>>> print(open('data-v2.cif').read())   # mmCIF, C-alpha atoms
data_work
loop_
_atom_site.label_atom_id
_atom_site.label_comp_id
_atom_site.auth_asym_id
_atom_site.auth_seq_id
_atom_site.Cartn_x
_atom_site.Cartn_y
_atom_site.Cartn_z
CA MET A 3 19.02 -14.95 -43.07
CA VAL A 4 19.91 -18.59 -42.35
CA PHE A 5 18.10 -18.41 -38.99
CA ILE A 6 15.10 -16.61 -40.43
CA VAL A 7 14.59 -19.14 -43.23
CA GLY A 8 15.09 -22.12 -40.90
CA GLY A 9 12.86 -20.46 -38.33
CA ILE A 10 10.04 -19.85 -40.79
CA ILE A 11 10.06 -23.52 -41.82
CA CYS A 12 9.86 -24.57 -38.16
CA VAL A 13 7.07 -22.07 -37.47
CA ILE A 14 5.03 -23.65 -40.26
CA GLY A 15 5.50 -27.01 -38.53
CA GLN A 16 4.52 -25.57 -35.16
CA ILE A 17 1.38 -23.97 -36.59
CA LEU A 18 0.40 -27.34 -38.08
CA MET A 19 1.02 -29.01 -34.68
CA ASP A 20 -1.06 -26.47 -32.78
CA THR A 21 -3.95 -25.84 -35.11
CA THR A 22 -4.53 -29.16 -36.88
CA LYS A 23 -4.96 -32.70 -35.69
CA LEU A 24 -2.02 -33.90 -37.81
CA THR A 25 0.26 -36.22 -35.86
CA PRO A 26 4.01 -35.38 -35.70
CA ALA A 27 4.72 -38.35 -38.00
CA ARG A 28 2.35 -37.04 -40.65
CA ILE A 29 3.86 -33.57 -40.51
CA LEU A 30 7.29 -35.17 -40.89
CA VAL A 31 6.23 -37.03 -44.04
CA LEU A 32 4.45 -33.93 -45.33
CA PHE A 33 7.64 -31.86 -44.98
CA VAL A 34 9.83 -34.44 -46.74
CA THR A 35 7.43 -34.92 -49.67
CA GLY A 36 6.91 -31.15 -49.79
CA GLY A 37 10.67 -30.76 -50.15
CA VAL A 38 10.75 -33.35 -52.93
CA ILE A 39 8.03 -31.58 -54.92
CA LEU A 40 9.49 -28.10 -54.42
CA GLY A 41 12.93 -29.48 -55.29
CA ALA A 42 11.66 -31.16 -58.46
CA PHE A 43 10.22 -27.87 -59.72
CA ASN A 44 13.38 -25.97 -58.76
CA ILE A 45 11.44 -23.81 -56.31
CA TYR A 46 13.31 -24.96 -53.23
CA ASP A 47 16.60 -23.94 -54.91
CA VAL A 48 15.70 -20.35 -54.06
CA VAL A 49 15.23 -21.28 -50.39
CA ILE A 50 18.64 -22.99 -50.35
CA LYS A 51 20.28 -20.10 -52.17
CA TYR A 52 19.26 -17.51 -49.59
CA GLY A 53 18.63 -19.70 -46.56
CA LYS A 54 21.68 -21.96 -46.92
CA ALA A 55 21.75 -24.34 -43.92
CA GLY A 56 18.44 -22.83 -42.79
CA GLY A 57 16.93 -24.47 -45.85
CA SER A 58 18.96 -27.67 -46.05
CA ILE A 59 18.83 -28.80 -42.39
CA PRO A 60 15.03 -29.00 -41.91
CA LEU A 61 13.14 -32.03 -43.26
CA THR A 62 12.22 -30.16 -46.42
CA GLY A 63 15.95 -29.96 -47.18
CA PHE A 64 16.13 -33.75 -47.03
CA GLY A 65 13.29 -33.97 -49.55
CA TYR A 66 15.04 -31.42 -51.75
CA THR A 67 18.28 -33.47 -51.74
CA LEU A 68 16.28 -36.61 -52.61
CA ALA A 69 14.73 -34.90 -55.63
CA LYS A 70 17.97 -33.31 -56.83
CA SER A 71 19.98 -36.52 -56.47
CA VAL A 72 17.40 -38.47 -58.47
CA MET A 73 17.44 -35.89 -61.25
CA LYS A 74 21.24 -35.92 -61.38
CA GLU A 75 21.45 -39.72 -61.40
CA VAL A 76 18.81 -40.01 -64.11
CA ASP A 77 20.84 -37.63 -66.27
CA GLU A 78 23.98 -39.71 -65.74
CA VAL A 79 22.83 -43.35 -65.86
CA GLY A 80 19.29 -43.20 -67.21
CA LEU A 81 15.93 -44.14 -65.71
CA ILE A 82 17.44 -46.58 -63.20
CA GLY A 83 18.70 -43.46 -61.45
CA ALA A 84 15.16 -42.86 -60.17
CA PHE A 85 15.71 -45.90 -57.95
CA THR A 86 19.34 -45.41 -56.98
CA GLY A 87 19.88 -41.65 -56.98
CA GLY A 88 17.82 -40.65 -53.95
CA ILE A 89 19.52 -42.93 -51.47
CA LYS A 90 22.99 -42.25 -52.94
CA GLY A 91 22.58 -38.52 -52.59
CA THR A 92 21.24 -38.68 -49.04
CA ALA A 93 23.49 -41.52 -47.84
CA GLY A 94 25.52 -39.18 -45.67
CA GLY A 95 22.46 -37.88 -43.85
CA ILE A 96 20.91 -41.31 -43.37
CA THR A 97 24.10 -42.92 -42.10
CA ALA A 98 24.77 -39.99 -39.79
CA ALA A 99 21.25 -40.32 -38.35
CA ILE A 100 21.74 -44.04 -37.68
CA PHE A 101 25.27 -43.57 -36.32
CA PHE A 102 24.52 -40.67 -33.99
CA GLY A 103 21.17 -42.18 -33.01
CA TYR A 104 22.97 -45.34 -31.94
CA ILE A 105 25.62 -43.42 -30.01
CA MET A 106 22.95 -41.39 -28.20
CA ALA A 107 21.01 -44.55 -27.36
CA LEU A 108 24.17 -45.96 -25.78
CA LEU A 109 24.92 -42.79 -23.84
CA PHE A 110 21.47 -41.84 -22.58
CA SER A 111 18.31 -43.57 -21.45
CA SER A 112 14.77 -42.31 -21.97
CA LYS A 113 13.26 -40.06 -19.36
CA THR A 114 9.82 -38.79 -18.54
CA LYS A 115 8.90 -35.58 -20.29
CA VAL A 116 8.76 -32.44 -18.23
CA MET B 19 -28.74 -58.98 1.59
CA GLY B 20 -28.27 -56.31 -0.97
CA ARG B 21 -30.85 -55.68 -3.62
CA ARG B 22 -31.14 -54.25 -7.06
CA ILE B 23 -32.75 -50.85 -7.26
CA GLY B 24 -33.71 -49.29 -10.57
CA LEU B 25 -31.97 -50.39 -13.71
CA GLN B 26 -28.27 -50.37 -12.93
CA THR B 27 -27.79 -49.85 -9.21
CA VAL B 28 -27.20 -52.27 -6.36
CA GLU B 29 -27.82 -51.25 -2.77
CA ILE B 30 -25.09 -52.68 -0.57
CA GLU B 31 -26.73 -53.44 2.75
CA SER B 32 -23.77 -54.85 4.65
CA LYS B 33 -21.87 -51.60 4.18
CA PRO B 34 -18.38 -52.94 3.49
CA ARG B 35 -15.92 -50.61 5.19
CA ILE B 36 -12.86 -49.17 3.54
CA ILE B 37 -10.63 -50.06 6.47
CA GLY B 38 -7.29 -49.10 5.02
CA THR B 39 -5.99 -47.18 2.04
CA TYR B 40 -2.58 -46.35 0.64
CA ASN B 41 -1.42 -44.29 -2.26
CA ILE B 42 1.94 -43.57 -3.80
CA VAL B 43 2.58 -41.01 -6.52
CA GLY B 44 5.30 -39.70 -8.81
CA PRO B 45 7.22 -36.44 -8.41
CA LYS B 46 4.93 -34.34 -10.62
CA GLU B 47 1.80 -35.38 -8.71
CA GLY B 48 3.75 -34.73 -5.51
CA GLN B 49 4.17 -31.10 -6.54
CA GLY B 50 0.48 -30.68 -7.32
CA PRO B 51 -2.25 -29.11 -5.20
CA LEU B 52 -3.21 -32.40 -3.53
CA LYS B 53 0.29 -33.29 -2.31
CA GLU B 54 -0.61 -33.30 1.38
CA TYR B 55 -3.05 -36.18 0.80
CA PHE B 56 -0.51 -38.64 -0.58
CA ASP B 57 1.02 -41.31 1.63
CA ARG B 58 4.26 -41.44 -0.30
CA ILE B 59 5.78 -39.31 -3.04
CA ILE B 60 8.66 -40.87 -4.95
CA GLU B 61 11.47 -38.62 -6.13
CA ASP B 62 12.61 -40.67 -9.10
CA ASP B 63 9.78 -41.91 -11.28
CA LEU B 64 11.74 -45.06 -12.11
CA ASN B 65 11.42 -45.87 -8.40
CA GLY B 66 14.80 -47.60 -8.38
CA THR B 67 13.98 -49.94 -11.27
CA ASN B 68 15.36 -49.94 -14.81
CA SER B 69 12.11 -49.53 -16.78
CA PHE B 70 8.93 -47.48 -16.43
CA GLU B 71 6.86 -50.66 -16.62
CA LYS B 72 8.75 -52.16 -13.69
CA ALA B 73 8.38 -48.86 -11.85
CA GLU B 74 4.60 -49.00 -12.28
CA THR B 75 4.52 -52.57 -10.99
CA SER B 76 6.55 -51.51 -7.96
CA LEU B 77 4.14 -48.65 -7.24
CA LEU B 78 1.14 -50.95 -7.37
CA TYR B 79 2.88 -53.59 -5.28
CA THR B 80 3.81 -51.01 -2.65
CA ALA B 81 0.29 -49.56 -2.54
CA ILE B 82 -1.30 -53.00 -2.08
CA LEU B 83 1.19 -54.15 0.54
CA GLU B 84 1.10 -50.92 2.56
CA SER B 85 -2.72 -50.76 2.48
CA ILE B 86 -2.80 -54.26 3.98
CA LYS B 87 -0.25 -53.24 6.63
CA LYS B 88 -2.21 -50.11 7.45
CA SER B 89 -5.30 -52.26 7.99
CA LYS B 90 -3.22 -54.33 10.43
CA LEU B 91 -3.70 -57.43 8.31
CA LYS B 92 -1.46 -59.95 6.60
CA GLU B 93 -1.44 -61.03 2.97
CA ALA B 94 -3.00 -64.35 3.97
CA ASP B 95 -6.03 -62.54 5.45
CA ILE B 96 -7.03 -61.13 2.08
CA ASN B 97 -9.44 -63.32 0.11
CA TYR B 98 -9.33 -61.45 -3.18
CA LEU B 99 -7.13 -58.94 -4.88
CA LEU B 100 -9.01 -57.05 -7.57
CA ALA B 101 -6.69 -54.97 -9.66
CA GLY B 102 -6.14 -53.59 -13.13
CA ASP B 103 -4.08 -51.08 -15.07
CA LEU B 104 -3.63 -49.66 -18.55
CA LEU B 105 -0.82 -51.77 -19.91
CA ASN B 106 -1.25 -54.66 -22.33
CA GLN B 107 -2.46 -57.87 -20.70
CA LEU B 108 -2.69 -55.99 -17.36
CA SER B 109 1.06 -56.43 -16.99
CA SER B 110 1.49 -54.12 -14.00
CA SER B 111 -1.23 -55.86 -12.00
CA CYS B 112 -0.20 -59.38 -12.99
CA PHE B 113 3.45 -58.73 -12.19
CA ALA B 114 2.58 -57.08 -8.88
CA ALA B 115 0.28 -60.02 -8.03
CA ARG B 116 3.11 -62.43 -8.89
CA ASP B 117 4.86 -61.39 -5.70
CA LEU B 118 1.74 -61.44 -3.54
CA ASN B 119 0.20 -64.46 -1.93
CA ILE B 120 -3.41 -63.42 -2.63
CA PRO B 121 -6.00 -64.88 -5.04
CA PHE B 122 -6.10 -62.41 -7.92
CA ILE B 123 -8.82 -61.25 -10.29
CA GLY B 124 -7.60 -58.91 -13.02
CA LEU B 125 -10.02 -56.24 -14.20
CA TYR B 126 -9.77 -54.05 -17.25
CA GLY B 127 -11.80 -50.88 -17.14
CA ALA B 128 -9.08 -48.51 -18.32
CA CYS B 129 -9.12 -45.45 -16.06
CA SER B 130 -12.41 -46.56 -14.47
CA THR B 131 -10.64 -49.40 -12.67
CA MET B 132 -10.72 -47.85 -9.18
CA ALA B 133 -14.52 -47.61 -9.10
CA GLU B 134 -14.79 -50.89 -11.01
CA SER B 135 -12.65 -52.87 -8.56
CA LEU B 136 -14.33 -51.19 -5.59
CA SER B 137 -17.76 -52.06 -7.06
CA VAL B 138 -16.90 -55.71 -7.64
CA GLY B 139 -15.17 -55.90 -4.26
CA SER B 140 -18.23 -54.49 -2.50
CA MET B 141 -20.48 -56.99 -4.25
CA ILE B 142 -18.24 -59.89 -3.22
CA MET B 143 -18.33 -58.61 0.36
CA GLU B 144 -22.10 -58.21 0.19
CA GLY B 145 -22.42 -61.79 -0.97
CA GLY B 146 -20.56 -62.83 2.15
CA LEU B 147 -17.89 -64.49 0.06
CA ALA B 148 -14.90 -62.74 1.56
CA ASN B 149 -13.68 -61.29 4.83
CA TYR B 150 -11.26 -58.90 3.23
CA VAL B 151 -10.84 -57.71 -0.34
CA VAL B 152 -8.22 -55.39 -1.79
CA ALA B 153 -9.18 -53.13 -4.72
CA ALA B 154 -6.24 -51.47 -6.42
CA THR B 155 -5.02 -49.87 -9.61
CA SER B 156 -2.06 -48.01 -11.06
CA SER B 157 -0.80 -46.00 -13.99
CA HIS B 158 2.49 -44.43 -14.99
CA PHE B 159 2.96 -41.47 -17.30
CA SER B 160 5.89 -42.92 -19.20
CA SER B 161 4.64 -46.49 -19.60
CA ALA B 162 1.25 -45.23 -20.81
CA GLU B 163 2.86 -42.61 -23.06
CA ARG B 164 4.89 -45.15 -24.94
CA GLN B 165 2.11 -47.68 -25.20
CA PHE B 166 -0.69 -45.36 -26.28
CA ARG B 167 1.09 -42.36 -27.78
CA LEU B 168 4.68 -42.22 -28.99
CA PRO B 169 8.08 -43.48 -27.85
CA LEU B 170 9.62 -41.17 -25.25
CA GLU B 171 12.91 -41.25 -27.14
CA MET B 172 11.25 -39.50 -30.06
CA GLY B 173 10.70 -36.45 -27.91
CA SER B 174 7.72 -35.36 -29.99
CA GLN B 175 5.43 -32.60 -28.83
CA ARG B 176 2.20 -33.38 -27.03
CA ALA B 177 -1.09 -31.99 -28.31
CA PRO B 178 -2.40 -29.12 -26.14
CA THR B 179 -5.63 -31.01 -25.39
CA ALA B 180 -3.77 -34.19 -24.38
CA GLN B 181 -4.14 -35.13 -20.74
CA TRP B 182 -1.23 -36.08 -18.51
CA THR B 183 -1.30 -39.68 -17.30
CA VAL B 184 -0.91 -39.76 -13.54
CA THR B 185 2.04 -41.69 -12.16
CA GLY B 186 0.65 -43.35 -9.11
CA ALA B 187 -1.11 -46.27 -7.51
CA GLY B 188 -3.88 -46.52 -4.96
CA ALA B 189 -5.25 -49.44 -2.97
CA MET B 190 -8.24 -49.87 -0.69
CA VAL B 191 -8.86 -52.71 1.74
CA LEU B 192 -12.49 -53.66 2.28
CA GLY B 193 -13.50 -55.23 5.58
CA LYS B 194 -16.64 -55.96 7.56
CA LYS B 195 -16.13 -54.05 10.78
CA GLY B 196 -14.86 -50.81 12.21
CA ASN B 197 -15.66 -47.13 12.13
CA PHE B 198 -14.63 -46.34 8.58
CA PRO B 199 -16.21 -44.96 5.42
CA TYR B 200 -18.45 -47.59 3.82
CA VAL B 201 -19.93 -48.37 0.43
CA THR B 202 -23.70 -48.01 0.16
CA HIS B 203 -24.51 -48.10 -3.56
CA VAL B 204 -22.87 -49.32 -6.72
CA THR B 205 -24.02 -48.16 -10.15
CA THR B 206 -22.41 -50.08 -12.98
CA GLY B 207 -22.09 -48.14 -16.20
CA LYS B 208 -22.79 -49.04 -19.80
CA VAL B 209 -20.31 -48.55 -22.61
CA LYS B 210 -21.11 -45.34 -24.46
CA ASP B 211 -19.60 -44.24 -27.74
CA TYR B 212 -20.47 -40.92 -29.32
CA GLY B 213 -18.06 -41.26 -32.20
CA ILE B 214 -15.05 -39.30 -30.93
CA THR B 215 -11.89 -40.43 -32.74
CA ASP B 216 -9.38 -37.90 -31.38
CA VAL B 217 -7.14 -39.75 -28.91
CA ASN B 218 -5.94 -36.39 -27.63
CA ASN B 219 -9.41 -35.46 -26.48
CA MET B 220 -10.38 -38.34 -24.27
CA GLY B 221 -12.23 -36.29 -21.66
CA VAL B 222 -14.96 -35.47 -24.16
CA ALA B 223 -15.02 -39.09 -25.38
CA MET B 224 -15.72 -40.31 -21.83
CA ALA B 225 -18.14 -37.55 -20.80
CA PRO B 226 -21.29 -39.20 -22.27
CA ALA B 227 -20.55 -42.33 -20.24
CA ALA B 228 -20.12 -40.27 -17.07
CA VAL B 229 -23.36 -38.40 -17.75
CA ASP B 230 -25.24 -41.65 -18.37
CA THR B 231 -24.01 -43.32 -15.18
CA ILE B 232 -24.54 -40.28 -12.95
CA LYS B 233 -28.03 -39.71 -14.35
CA GLN B 234 -28.90 -43.39 -13.92
CA HIS B 235 -27.56 -43.35 -10.36
CA PHE B 236 -29.86 -40.44 -9.48
CA MET B 237 -32.85 -42.09 -11.17
CA ASP B 238 -32.24 -45.45 -9.49
CA THR B 239 -31.63 -44.09 -5.99
CA GLY B 240 -33.96 -41.10 -6.10
CA ARG B 241 -31.06 -38.93 -5.01
CA LYS B 242 -30.05 -35.59 -6.41
CA PRO B 243 -26.67 -33.83 -6.74
CA SER B 244 -27.17 -31.90 -3.49
CA ASP B 245 -27.38 -35.18 -1.54
CA TYR B 246 -23.66 -35.50 -2.10
CA ASP B 247 -20.89 -33.39 -0.63
CA VAL B 248 -18.72 -34.31 -3.57
CA ILE B 249 -19.38 -36.08 -6.84
CA ALA B 250 -16.00 -36.83 -8.38
CA THR B 251 -15.51 -38.03 -11.93
CA GLY B 252 -12.23 -39.78 -12.65
CA ASP B 253 -10.30 -38.09 -15.40
CA LEU B 254 -12.47 -36.04 -17.72
CA GLY B 255 -10.23 -33.02 -17.34
CA VAL B 256 -11.36 -29.41 -17.57
CA ILE B 257 -13.07 -29.70 -20.96
CA GLY B 258 -14.76 -33.02 -20.18
CA ARG B 259 -15.93 -31.78 -16.77
CA GLU B 260 -17.58 -28.67 -18.24
CA PHE B 261 -19.18 -30.81 -20.94
CA THR B 262 -20.54 -33.27 -18.35
CA GLU B 263 -21.92 -30.46 -16.20
CA LYS B 264 -23.70 -28.96 -19.20
CA LEU B 265 -25.20 -32.26 -20.33
CA LEU B 266 -26.43 -33.11 -16.83
CA LEU B 267 -28.09 -29.71 -16.59
CA GLU B 268 -30.07 -30.64 -19.68
CA TYR B 269 -31.43 -33.57 -17.67
CA LYS B 270 -32.24 -31.08 -14.89
CA TYR B 271 -29.45 -32.16 -12.59
CA ASP B 272 -27.62 -29.09 -11.39
CA MET B 273 -24.15 -30.21 -10.33
CA LYS B 274 -22.84 -26.80 -9.33
CA GLY B 275 -20.98 -26.79 -6.03
CA HIS B 276 -21.07 -30.57 -5.71
CA TYR B 277 -18.95 -31.67 -8.60
CA ILE B 278 -15.20 -32.03 -9.13
CA ASP B 279 -13.04 -33.97 -11.55
CA CYS B 280 -10.05 -35.84 -10.09
CA GLY B 281 -7.98 -35.12 -13.21
CA GLU B 282 -8.63 -31.41 -12.91
CA GLU B 283 -7.80 -31.32 -9.20
CA ILE B 284 -4.56 -33.29 -9.18
CA PHE B 285 -2.47 -30.81 -11.19
CA ASP B 286 -2.23 -27.05 -11.25
CA ALA B 287 -2.53 -26.25 -14.95
CA LYS B 288 -0.92 -22.82 -14.46
CA LEU B 289 2.09 -23.96 -12.45
CA GLN B 290 2.56 -27.34 -14.09
CA PRO B 291 2.98 -26.91 -17.84
CA GLY B 292 1.88 -29.80 -20.02
CA THR B 293 -1.02 -30.64 -17.75
CA ASN B 294 -3.41 -28.12 -19.34
CA SER B 295 -6.29 -30.52 -19.68
CA GLY B 296 -5.62 -32.27 -16.39
CA GLY B 297 -4.53 -35.70 -15.27
CA SER B 298 -5.75 -39.06 -16.51
CA GLY B 299 -5.01 -42.73 -16.06
CA CYS B 300 -6.17 -45.42 -13.64
CA GLY B 301 -3.99 -43.91 -10.96
CA CYS B 302 -5.74 -40.55 -11.20
CA SER B 303 -9.06 -41.37 -9.55
CA ALA B 304 -7.30 -43.98 -7.37
CA VAL B 305 -4.92 -41.54 -5.68
CA VAL B 306 -7.48 -38.74 -5.45
CA ALA B 307 -10.06 -41.14 -3.96
CA THR B 308 -7.65 -42.72 -1.48
CA GLY B 309 -6.15 -39.30 -0.77
CA TYR B 310 -8.25 -36.17 -0.95
CA LEU B 311 -11.70 -37.82 -0.86
CA LEU B 312 -11.39 -40.57 1.75
CA LYS B 313 -8.99 -38.65 4.01
CA ASN B 314 -11.42 -35.75 4.11
CA MET B 315 -14.24 -38.19 4.90
CA LEU B 316 -12.27 -39.49 7.88
CA LYS B 317 -11.78 -35.88 9.00
CA GLY B 318 -15.54 -35.34 8.75
CA LYS B 319 -15.35 -32.78 5.96
CA PHE B 320 -17.28 -34.96 3.52
CA LYS B 321 -20.09 -37.22 4.69
CA ARG B 322 -21.32 -38.65 1.42
CA ILE B 323 -19.44 -38.89 -1.84
CA LEU B 324 -19.98 -40.42 -5.25
CA LEU B 325 -16.86 -41.68 -6.95
CA VAL B 326 -17.40 -41.94 -10.71
CA SER B 327 -14.22 -43.28 -12.30
CA THR B 328 -14.26 -42.90 -16.05
CA GLY B 329 -12.48 -45.02 -18.62
CA ALA B 330 -11.72 -44.74 -22.32
CA LEU B 331 -11.86 -48.27 -23.68
CA LEU B 332 -9.59 -47.92 -26.67
CA SER B 333 -6.69 -50.20 -27.50
CA SER B 334 -3.33 -49.04 -28.75
CA THR B 335 -4.25 -50.17 -32.28
CA SER B 336 -7.97 -49.31 -32.50
CA PRO B 337 -7.56 -45.54 -33.13
CA LEU B 338 -5.02 -46.29 -35.89
CA GLN B 339 -7.70 -48.38 -37.60
CA GLY B 340 -10.13 -45.46 -37.45
CA GLU B 341 -12.19 -46.83 -34.56
CA THR B 342 -14.04 -44.42 -32.31
CA ILE B 343 -13.37 -44.30 -28.56
CA PRO B 344 -15.90 -46.08 -26.34
CA GLY B 345 -16.21 -44.73 -22.80
CA ILE B 346 -17.40 -46.18 -19.52
CA ALA B 347 -18.08 -44.88 -16.04
CA HIS B 348 -18.83 -46.69 -12.80
CA ALA B 349 -20.22 -44.99 -9.72
CA VAL B 350 -19.72 -45.97 -6.10
CA SER B 351 -21.49 -44.15 -3.29
CA ILE B 352 -19.46 -43.93 -0.08
CA GLU B 353 -20.71 -42.62 3.27
CA PHE B 354 -19.20 -41.87 6.63
CA GLY B 355 -20.94 -40.38 9.63
CA VAL B 356 -24.28 -39.79 7.95
CA SER B 357 -26.96 -39.72 10.62
CA LYS B 358 -30.29 -41.19 9.70
#
>>> encode(input="data-v2.cif", output="structure tokens")
Amino acid sequence: MVFIVGGIICVIGQILMDTTKLTPARILVLFVTGGVILGAFNIYDVVIKYGKAGGSIPLTGFGYTLAKSVMKEVDEVGLIGAFTGGIKGTAGGITAAIFFGYIMALLFSSKTKV
Amino acid sequence: MGRRIGLQTVEIESKPRIIGTYNIVGPKEGQGPLKEYFDRIIEDDLNGTNSFEKAETSLLYTAILESIKKSKLKEADINYLLAGDLLNQLSSSCFAARDLNIPFIGLYGACSTMAESLSVGSMIMEGGLANYVVAATSSHFSSAERQFRLPLEMGSQRAPTAQWTVTGAGAMVLGKKGNFPYVTHVTTGKVKDYGITDVNNMGVAMAPAAVDTIKQHFMDTGRKPSDYDVIATGDLGVIGREFTEKLLLEYKYDMKGHYIDCGEEIFDAKLQPGTNSGGSGCGCSAVVATGYLLKNMLKGKFKRILLVSTGALLSSTSPLQGETIPGIAHAVSIEFGVSK
């Protein structure tokens, strides 16, 4: 189930790549904001419930975490949570991306695509 | 002395000879269908340097130097080096020229640079202003990819219609004497823009320019497609080539059997994934011209060819600002062993 859910999300991305003129960057932003909206309306919760990591690892999962963290923080500290919650909740993911990105940049150099 | 014929063509009377050529290509081009026509195929596309930009400079430098050697000349014999490439401020050409002791004129014509530099070189020769001129250009897949598309590190997918920038450099030495292929006509193109904004579909963006220049060349010279053994556009790719053929037929010029596109020929789309729409880049028409076309002329297979290098004159920022892609094409007619 995890692979199927994750796979379906990726297939949607691939279809957008192949059939539209959207650039990869736009699809990326589309997926994150899509995750935020679906998370805000509690729709993405269903995807996470059944898909588990298949739902949380793709970009939509990042958007979902942003939305959920904001909602939680707003409940706890008030409206200021809209500004602080998102980054707090996703801090682990962001720092991991920077950390591993840096390590990879040290270990490998760019190569021509094949 | 040469003279102007028609609206955009110059007849080159002194017939400047292409006395020496050299080309050097990357590994992917070296696996393609035209591999036997390349003078050198490098195994590592960094060519022993630590950046793709430096690698491109080294390819261009090698092509220029070896073409001079092949012509049995020295750097000091060359009066002008005419070169250009795709990178900002013509970095590859400027950095290659830094290590050469030759007066340098940088030309920007995007992927049309081979025909552009050959045109200008022929006109300088015709004016009697030089004994020897070198016309050269280069491109590199990875340096072009990160300037015009996306960083390589991002590893993002390429659009199916995107063309594959050729890693390679080609140089031609023009001289006055000898039994070599020679330039007879130069048709300088106009910039044409039909409002294409898709940077992944450059062949179609450049096709109207190719059509305009080819049509004008026929009108100015009174020639027709069958007067040429090969008419070769630079890098329109499969889609752009078909489009050009169709448009020219509307003007009653039937190109069938006389027309190829360098970008389509250089890769095998079936065996080389990612190259679906063919090759592109300054290096594309340069290595095909100095390889397949001129080498077959020397063998006697082709007697008269028309090289029509095509360029997309966009900058790396213009498409992001919603600008359309202007195209250009220059045509050079080359003959060898035509009896009159």
>>> interface_residues(input="data-v2.cif", of="chain A", to="chain B", cutoff="8 Å", atoms="only C-alpha atoms", output="PDB file with C-alpha atoms, keeping the file's coordinate frame")
ATOM      1  CA  MET A  19       1.020 -29.010 -34.680  1.00  0.00           C
ATOM      2  CA  ASP A  20      -1.060 -26.470 -32.780  1.00  0.00           C
ATOM      3  CA  PRO A  26       4.010 -35.380 -35.700  1.00  0.00           C
ATOM      4  CA  SER A 112      14.770 -42.310 -21.970  1.00  0.00           C
ATOM      5  CA  LYS A 113      13.260 -40.060 -19.360  1.00  0.00           C
ATOM      6  CA  THR A 114       9.820 -38.790 -18.540  1.00  0.00           C
ATOM      7  CA  LYS A 115       8.900 -35.580 -20.290  1.00  0.00           C
ATOM      8  CA  VAL A 116       8.760 -32.440 -18.230  1.00  0.00           C
TER       9      VAL A 116
END
>>> atom_distance(input="data-v2.cif", atom1="CA of Gly65 in chain A", atom2="CA of Ala107 in chain A")
25.8 Å
>>> closest_residue(input="data-v2.cif", among="A:Ile100, A:Val31, A:Val76, A:Val7", to="Val48 in chain A", atoms="only C-alpha atoms")
A:Val7
>>> atom_distance(input="data-v2.cif", atom1="CA of Glu29 in chain B", atom2="CA of Cys280 in chain B")
24.6 Å
>>> resolve_selection(input="data-v2.cif", expression="the PyMOL selection byres ((chain A and resi 69) around 6)", output="ChimeraX atom specification")
/A:38,41-42,66-68,70-72
>>> residues_near_point(input="data-v2.cif", point="(-18.5, -42.4, -24.8)", cutoff="6 Å", atoms="only C-alpha atoms", output="list of chain:residue names")
B:Lys210, B:Asp211, B:Tyr212, B:Ala223, B:Met224, B:Pro226, B:Ala227, B:Pro344, B:Gly345
>>> resolve_selection(input="data-v2.cif", expression="the PyMOL selection byres ((chain B and resi 286) around 10)", output="VMD selection string")
chain B and resid 47 49 to 52 282 to 285 287 to 291 293 to 297
>>> write_last_selection(input="data-v2.cif", atoms="C-alpha atoms", output="PDB file, in the coordinates of the input")
ATOM      1  CA  GLU B  47       1.800 -35.380  -8.710  1.00  0.00           C
ATOM      2  CA  GLN B  49       4.170 -31.100  -6.540  1.00  0.00           C
ATOM      3  CA  GLY B  50       0.480 -30.680  -7.320  1.00  0.00           C
ATOM      4  CA  PRO B  51      -2.250 -29.110  -5.200  1.00  0.00           C
ATOM      5  CA  LEU B  52      -3.210 -32.400  -3.530  1.00  0.00           C
ATOM      6  CA  GLU B 282      -8.630 -31.410 -12.910  1.00  0.00           C
ATOM      7  CA  GLU B 283      -7.800 -31.320  -9.200  1.00  0.00           C
ATOM      8  CA  ILE B 284      -4.560 -33.290  -9.180  1.00  0.00           C
ATOM      9  CA  PHE B 285      -2.470 -30.810 -11.190  1.00  0.00           C
ATOM     10  CA  ALA B 287      -2.530 -26.250 -14.950  1.00  0.00           C
ATOM     11  CA  LYS B 288      -0.920 -22.820 -14.460  1.00  0.00           C
ATOM     12  CA  LEU B 289       2.090 -23.960 -12.450  1.00  0.00           C
ATOM     13  CA  GLN B 290       2.560 -27.340 -14.090  1.00  0.00           C
ATOM     14  CA  PRO B 291       2.980 -26.910 -17.840  1.00  0.00           C
ATOM     15  CA  THR B 293      -1.020 -30.640 -17.750  1.00  0.00           C
ATOM     16  CA  ASN B 294      -3.410 -28.120 -19.340  1.00  0.00           C
ATOM     17  CA  SER B 295      -6.290 -30.520 -19.680  1.00  0.00           C
ATOM     18  CA  GLY B 296      -5.620 -32.270 -16.390  1.00  0.00           C
ATOM     19  CA  GLY B 297      -4.530 -35.700 -15.270  1.00  0.00           C
TER      20      GLY B 297
END
>>> resolve_selection(input="data-v2.cif", expression="the PyMOL selection byres ((chain B and resi 199) around 9)", output="ChimeraX atom specification")
/B:33-37,197-198,200-201,312,315-316,321,352-355
>>> closest_residue(input="data-v2.cif", among="B:Val356, B:Tyr40, B:Tyr126, B:Asp253", to="Lys319 in chain B", atoms="only C-alpha atoms")
B:Val356
>>> closest_residue(input="data-v2.cif", among="B:Gly186, B:Gly20, B:Gly127, B:Gly139", to="Leu332 in chain B", atoms="all atoms listed in the file")
B:Gly127
